[in-house]
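Participant: Got a file for you: input.txt, compact mmCIF, C-alpha atoms and all ligand atoms.
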```
# COMPACT_ATOMS: atom_id res chain seq x y z
CA MET A 178 -16.81 -32.69 -8.60
CA GLN A 179 -18.95 -30.14 -10.37
CA ALA A 180 -19.49 -28.17 -7.13
CA LYS A 181 -15.73 -28.19 -6.32
CA GLU A 182 -14.88 -26.79 -9.75
CA THR A 183 -17.40 -24.03 -9.26
CA ILE A 184 -15.83 -23.00 -5.93
CA GLU A 185 -12.37 -23.00 -7.51
CA GLU A 186 -13.64 -20.88 -10.40
CA VAL A 187 -15.23 -18.39 -8.01
CA GLU A 188 -11.99 -18.21 -5.99
CA LYS A 189 -10.02 -17.58 -9.17
CA ILE A 190 -12.16 -14.55 -9.95
CA ASN A 191 -11.36 -12.98 -6.59
CA ILE A 192 -8.02 -14.42 -5.50
CA ILE A 193 -7.26 -11.32 -3.44
CA ASP A 194 -10.22 -11.85 -1.10
CA THR A 195 -9.28 -15.51 -0.75
CA TRP A 196 -5.73 -14.47 0.25
CA LEU A 197 -6.95 -11.79 2.64
CA LYS A 198 -9.03 -14.43 4.44
CA LYS A 199 -6.12 -16.89 4.45
CA HIS A 200 -3.66 -14.29 5.79
CA ARG A 201 -6.13 -12.43 7.97
CA LEU A 202 -3.85 -12.20 11.02
CA ILE A 203 -1.03 -10.36 9.27
CA TYR A 204 -3.51 -8.26 7.24
CA VAL A 205 -5.22 -7.09 10.44
CA GLY A 206 -1.75 -6.53 11.96
CA ALA A 207 -0.93 -4.14 9.11
CA THR A 208 -4.28 -2.32 8.90
CA ARG A 209 -5.14 -2.16 12.63
CA HIS A 210 -1.67 -1.46 14.01
CA PRO A 211 -1.36 0.14 17.49
CA PHE A 212 -0.03 3.33 15.83
CA ILE A 213 -3.25 3.62 13.77
CA LEU A 214 -5.39 2.67 16.75
CA SER A 215 -3.69 5.43 18.77
CA ILE A 216 -4.64 7.99 16.09
CA ARG A 217 -8.16 6.58 16.12
CA ASP A 218 -8.58 6.86 19.89
CA GLY A 219 -6.77 10.20 20.16
CA THR A 220 -3.88 8.93 22.32
CA VAL A 221 -1.28 9.20 19.54
CA ASN A 222 2.17 10.36 20.60
CA LEU A 223 2.96 13.39 18.43
CA SER A 224 6.65 12.58 18.29
CA SER A 225 5.69 9.17 16.79
CA PHE A 226 3.49 10.98 14.29
CA LYS A 227 6.35 13.27 13.29
CA THR A 228 8.70 10.28 12.94
CA TRP A 229 6.15 8.61 10.66
CA LEU A 230 5.74 11.83 8.63
CA GLY A 231 9.45 12.28 7.96
CA GLN A 232 10.13 8.60 7.26
CA ASP A 233 7.11 8.28 4.98
CA TYR A 234 8.25 11.24 2.89
CA ILE A 235 11.46 9.32 2.14
CA PHE A 236 9.47 6.16 1.43
CA VAL A 237 7.12 7.95 -0.98
CA ARG A 238 10.03 9.27 -3.03
CA ALA A 239 11.23 5.67 -3.54
CA PHE A 240 7.64 4.58 -4.14
CA VAL A 241 7.35 6.99 -7.12
CA SER A 242 10.19 5.16 -8.89
CA PHE A 243 8.55 1.83 -8.11
CA VAL A 244 5.21 2.99 -9.58
CA ALA A 245 7.06 4.21 -12.70
CA SER A 246 8.52 0.70 -13.05
CA VAL A 247 5.02 -0.83 -12.71
CA LEU A 248 3.85 1.51 -15.48
CA ILE A 249 6.66 0.28 -17.73
CA LYS A 250 5.76 -3.35 -16.98
CA ALA A 251 2.09 -2.57 -17.78
CA TRP A 252 3.10 -1.09 -21.10
CA LYS A 253 5.22 -4.16 -21.94
CA GLU A 254 2.99 -6.94 -20.60
CA SER A 255 -0.62 -5.78 -20.38
CA ASP A 256 -3.22 -5.98 -23.15
CA ASP A 257 -4.70 -2.99 -21.25
CA SER A 258 -8.27 -4.19 -21.63
CA GLY A 259 -8.93 -2.90 -18.12
CA GLY A 260 -7.43 0.56 -18.63
CA ASP A 261 -4.37 -0.26 -16.48
CA MET A 262 -2.33 2.62 -17.95
CA GLU A 263 -4.97 5.20 -16.99
CA VAL A 264 -5.15 3.93 -13.42
CA LEU A 265 -1.35 3.93 -13.12
CA LEU A 266 -1.04 7.40 -14.64
CA GLY A 267 -3.64 8.61 -12.12
CA ALA A 268 -1.49 7.04 -9.39
CA MET A 269 1.59 8.94 -10.59
CA ALA A 270 -0.35 12.21 -10.60
CA ALA A 271 -1.67 11.51 -7.07
CA LEU A 272 1.88 10.82 -5.88
CA ASN A 273 2.98 14.20 -7.20
CA ASP A 274 0.30 15.76 -4.95
CA GLU A 275 1.30 13.43 -2.11
CA ILE A 276 4.91 14.65 -2.15
CA GLN A 277 3.73 18.25 -2.02
CA TRP A 278 1.35 17.33 0.80
CA PHE A 279 4.25 15.86 2.82
CA LYS A 280 6.24 19.07 2.34
CA ASN A 281 3.33 21.21 3.55
CA GLU A 282 2.61 18.94 6.54
CA ALA A 283 6.29 18.82 7.48
CA SER A 284 6.48 22.59 7.62
CA LYS A 285 3.21 22.69 9.61
CA TRP A 286 4.61 20.20 12.18
CA GLY A 287 8.14 21.64 12.24
CA VAL A 288 9.71 18.54 10.67
CA GLN A 289 12.87 19.34 8.70
CA LEU A 290 12.68 16.90 5.77
CA SER A 291 16.28 17.49 4.64
CA ASP A 292 17.50 16.24 8.06
CA ILE A 293 15.63 12.92 7.98
CA ILE A 294 17.83 9.83 8.01
CA PRO A 295 16.01 6.72 6.81
CA GLN A 296 15.64 4.12 9.56
CA LYS A 297 16.29 0.42 9.08
CA ALA A 298 12.64 -0.59 8.48
CA ASN A 299 12.33 2.16 5.86
CA LYS A 300 15.59 1.18 4.13
CA ASP A 301 14.50 -2.48 4.12
CA TYR A 302 11.14 -1.54 2.61
CA CYS A 303 12.74 0.67 -0.06
CA ARG A 304 15.18 -2.15 -0.90
CA PHE A 305 12.20 -4.48 -1.31
CA LEU A 306 10.60 -1.98 -3.72
CA GLU A 307 13.85 -1.87 -5.66
CA SER A 308 13.89 -5.67 -5.92
CA LEU A 309 10.42 -5.53 -7.50
CA MET A 310 11.66 -3.01 -10.07
CA SER A 311 13.86 -5.68 -11.67
CA SER A 312 12.83 -6.64 -15.22
CA GLU A 313 12.76 -10.25 -13.95
CA VAL A 314 9.68 -9.44 -11.85
CA LYS A 315 6.44 -9.86 -13.76
CA TYR A 316 3.79 -7.12 -14.01
CA THR A 317 1.22 -9.29 -12.16
CA VAL A 318 3.55 -9.69 -9.16
CA ALA A 319 4.53 -6.00 -9.08
CA ILE A 320 0.96 -4.72 -9.37
CA THR A 321 -0.14 -7.09 -6.60
CA ALA A 322 2.46 -5.48 -4.32
CA PHE A 323 1.42 -2.02 -5.51
CA TRP A 324 -2.25 -2.65 -4.71
CA ALA A 325 -1.32 -4.05 -1.26
CA ILE A 326 0.83 -1.01 -0.39
CA GLU A 327 -1.98 1.41 -1.26
CA ALA A 328 -4.72 -0.76 0.31
CA VAL A 329 -2.97 -0.92 3.70
CA TYR A 330 -2.94 2.88 3.95
CA GLN A 331 -6.51 3.18 2.66
CA GLN A 332 -7.85 0.61 5.15
CA SER A 333 -5.78 1.98 8.04
CA PHE A 334 -6.64 5.65 7.68
CA ALA A 335 -10.30 5.05 6.74
CA HIS A 336 -10.58 3.20 10.09
CA CYS A 337 -9.64 6.48 11.84
CA LEU A 338 -12.50 8.32 10.12
CA GLU A 339 -15.34 5.99 11.11
CA ASP A 340 -18.19 7.28 13.29
CA GLY A 341 -17.45 7.36 16.99
CA THR A 342 -13.66 7.68 16.66
CA ASN A 343 -11.58 10.18 18.62
CA THR A 344 -9.10 11.12 15.89
CA PRO A 345 -7.50 14.48 16.80
CA SER A 346 -8.81 17.29 14.57
CA ASP A 347 -5.31 18.25 13.40
CA LEU A 348 -4.77 14.68 12.12
CA GLN A 349 -8.06 14.52 10.20
CA ALA A 350 -6.40 15.85 7.04
CA THR A 351 -3.80 13.07 7.20
CA CYS A 352 -6.49 10.41 7.61
CA LEU A 353 -8.53 11.92 4.79
CA ARG A 354 -5.53 11.86 2.45
CA TRP A 355 -5.76 8.03 2.28
CA GLY A 356 -9.13 7.39 3.90
CA ASN A 357 -11.29 9.41 1.50
CA ASP A 358 -13.80 7.73 -0.81
CA GLY A 359 -11.87 8.65 -3.97
CA PHE A 360 -8.76 6.87 -2.68
CA GLY A 361 -10.97 3.91 -1.76
CA GLN A 362 -12.32 3.82 -5.32
CA TYR A 363 -8.79 3.99 -6.74
CA CYS A 364 -7.72 1.03 -4.53
CA HIS A 365 -10.78 -0.85 -5.75
CA SER A 366 -9.73 -0.24 -9.38
CA LEU A 367 -6.23 -1.52 -8.58
CA LYS A 368 -7.71 -4.60 -6.91
CA GLN A 369 -9.82 -5.34 -10.00
CA ILE A 370 -6.72 -5.12 -12.19
CA VAL A 371 -4.87 -7.50 -9.86
CA ASN A 372 -7.73 -10.02 -9.74
CA ARG A 373 -8.05 -9.91 -13.53
CA ARG A 374 -4.29 -10.51 -13.96
CA LEU A 375 -4.21 -13.29 -11.35
CA ALA A 376 -7.15 -15.10 -12.98
CA LYS A 377 -4.98 -15.52 -16.11
CA ALA A 378 -1.58 -15.98 -14.43
CA SER A 379 0.58 -19.12 -14.27
CA ASP A 380 0.83 -21.03 -10.97
CA ASP A 381 4.38 -19.73 -10.54
CA GLU A 382 3.28 -16.09 -10.94
CA ILE A 383 0.35 -16.62 -8.56
CA LYS A 384 2.72 -18.06 -5.94
CA LYS A 385 5.12 -15.13 -6.35
CA ALA A 386 2.27 -12.60 -6.14
CA GLU A 387 1.05 -14.15 -2.87
CA VAL A 388 4.58 -13.96 -1.45
CA ALA A 389 4.81 -10.30 -2.56
CA LEU A 390 1.53 -9.56 -0.75
CA LEU A 391 2.88 -11.14 2.45
CA ASP A 392 6.18 -9.27 2.11
CA VAL A 393 4.29 -5.96 1.78
CA LEU A 394 2.18 -6.69 4.87
CA GLU A 395 5.29 -7.53 6.90
CA HIS A 396 7.08 -4.37 5.74
CA GLU A 397 4.02 -2.25 6.56
CA VAL A 398 3.91 -3.66 10.11
CA GLU A 399 7.64 -2.92 10.52
CA PHE A 400 7.11 0.58 9.15
CA TRP A 401 4.39 1.30 11.74
CA ASN A 402 6.57 -0.26 14.48
CA MET A 403 9.41 2.08 13.48
CA SER A 404 7.07 5.08 13.69
CA CYS A 405 6.14 4.08 17.24
CA GLY A 406 9.83 4.15 18.16
CA GLY A 407 10.64 0.49 17.48
CA ALA A 408 13.36 -0.92 15.18
C1 LIG B 501 4.78 2.94 4.10
C2 LIG B 501 3.72 3.44 3.16
N1 LIG B 501 2.85 2.56 2.64
C3 LIG B 501 1.86 3.04 1.80
C4 LIG B 501 1.75 4.34 1.46
C5 LIG B 501 0.67 4.81 0.55
N2 LIG B 501 1.14 5.35 -0.67
C6 LIG B 501 2.69 5.19 2.01
N3 LIG B 501 2.66 6.53 1.76
N4 LIG B 501 3.68 4.75 2.89
```
What's the structure tokens form of this structure?
Ligand SMILES: Cc1ncc(CN)c(N)n1

Facilitator:
Amino acid sequence: MQAKETIEEVEKINIIDTWLKKHRLIYVGATRHPFILSIRDGTVNLSSFKTWLGQDYIFVRAFVSFVASVLIKAWKESDDSGGDMEVLLGAMAALNDEIQWFKNEASKWGVQLSDIIPQKANKDYCRFLESLMSSEVKYTVAITAFWAIEAVYQQSFAHCLEDGTNTPSDLQATCLRWGNDGFGQYCHSLKQIVNRRLAKASDDEIKKAEVALLDVLEHEVEFWNMSCGGA
């Protein structure tokens, strides 16, 4: 009995890692997608890359509003003992740079951002973000989704920068954008916030946060599929 309680306590401290083990298949599907693997081995189709670039620019604009809503929830619901506001403000500032980065990359690759029409997977993902912006959705659930969205990109693009990969030199900057150590550290800070919130959350919130994580992973897979010319 004593031993079982100890395991449960340990799992409560790091619920995220427990979930990532439990949902390993879909997590690997999102972070080791064929599109990412094609960047990593240098066989990436440049028209797929340009599709991803244009569609992601639209996504990031919706993502900014979502992050603003998470910031508002943090202000209303968090005791901020873990410096949540600072981390979220840093995220907003990074997204400002990210939007500028997309504009520069688009002009480099000849992608006309004003002509981009959002595809179904992108519209579905943006609608999901909007659903999380509702005041009915708790901070713990929204920040779990937020961490997952950032972590998928960090894990995916860092994979393309490992030793022995064949990532094309003109895509290195893209991989570094999300695969750099600073972004990894930022994702780690978000994960700590999420684990701290989940350790204190009600069973209902924990259940909703786990569903939000799974929803994010499914949307990320669909987003990569769309970039490869799927849905
Ligand atoms: C689809 C998607 N997911 C995540 C990220 C990282 N902010 C992004 N730019 N686009």

Participant: Where does chain A meet ligand LIG 501 (chain B) within 8 Å, residue by residue, with the nearest atom pair and distance in Å to one decimal for each, counting only C-alpha atoms and all ligand atoms, listed by chain and rising number, as a tab-separated table?

Facilitator:
```
residue	atom	partner	partner_atom	distance
A:Asp233	CA	B:LIG501	N4	5.3
A:Tyr234	CA	B:LIG501	N3	7.4
A:Phe236	CA	B:LIG501	N4	6.1
A:Val237	CA	B:LIG501	N3	5.4
A:Phe240	CA	B:LIG501	N2	7.4
A:Leu272	CA	B:LIG501	N2	7.6
A:Asn299	CA	B:LIG501	C1	7.8
A:Tyr302	CA	B:LIG501	C1	7.9
A:Ile326	CA	B:LIG501	C3	4.7
A:Glu327	CA	B:LIG501	C5	4.7
A:Ala328	CA	B:LIG501	C3	7.7
A:Val329	CA	B:LIG501	C3	6.5
A:Tyr330	CA	B:LIG501	C3	5.3
A:Gln331	CA	B:LIG501	C5	7.7
A:Trp355	CA	B:LIG501	C5	7.4
A:His396	CA	B:LIG501	C1	7.8
A:Glu397	CA	B:LIG501	C1	5.8
A:Phe400	CA	B:LIG501	C1	6.0
A:Trp401	CA	B:LIG501	C1	7.8
```

Participant: One decimal, in Å: what's the spacing between CA of Ile203 (chain A) and CA of Ala251 (chain A)?

Facilitator: 28.3 Å

Participant: Between A:Ile216, A:Gly359, A:Glu339, A:Ile320, which residue has the minimum interatomic distance to Asp261 (chain A), considering all atoms listed in the file?

Facilitator: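 Residue with the minimum atom-to-atom distance to Asp261 (chain A): A:Ile320.
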
Participant: One number please: CA of Leu214 (chain A) to CA of Gln232 (chain A), in Å, one decimal.

Facilitator: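 So the two atoms, CA of Leu214 (chain A) and CA of Gln232 (chain A), lie 19.1 Å apart.
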
Participant: As a ChimeraX atom specification, please: the residues near region 290-294 of chain A (cut-off 12 Å, only C-alpha atoms, same-chain neighbours under 5 positions excluded).

Facilitator: /A:227-236,238,276-277,279-285,299-300

Participant: Using all atoms listed in the file, which of A:Asn222, A:Ala245, A:Gln289, A:His210 sits nearest Met262 (chain A)?

Facilitator: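 Ranked by minimum distance to Met262 (chain A), first place goes to A:Ala245.
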
Participant: Of the candidates A:Leu223, A:Ile192, A:Cys364, A:Leu202, which shows the shortest atom-to-atom distance to Leu394 (chain A), using only C-alpha atoms?

Facilitator: A:Leu202

Participant: CA of Asn191 (chain A) and CA of Glu395 (chain A), how far apart in Å?

Facilitator: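 The value is 22.1 Å.
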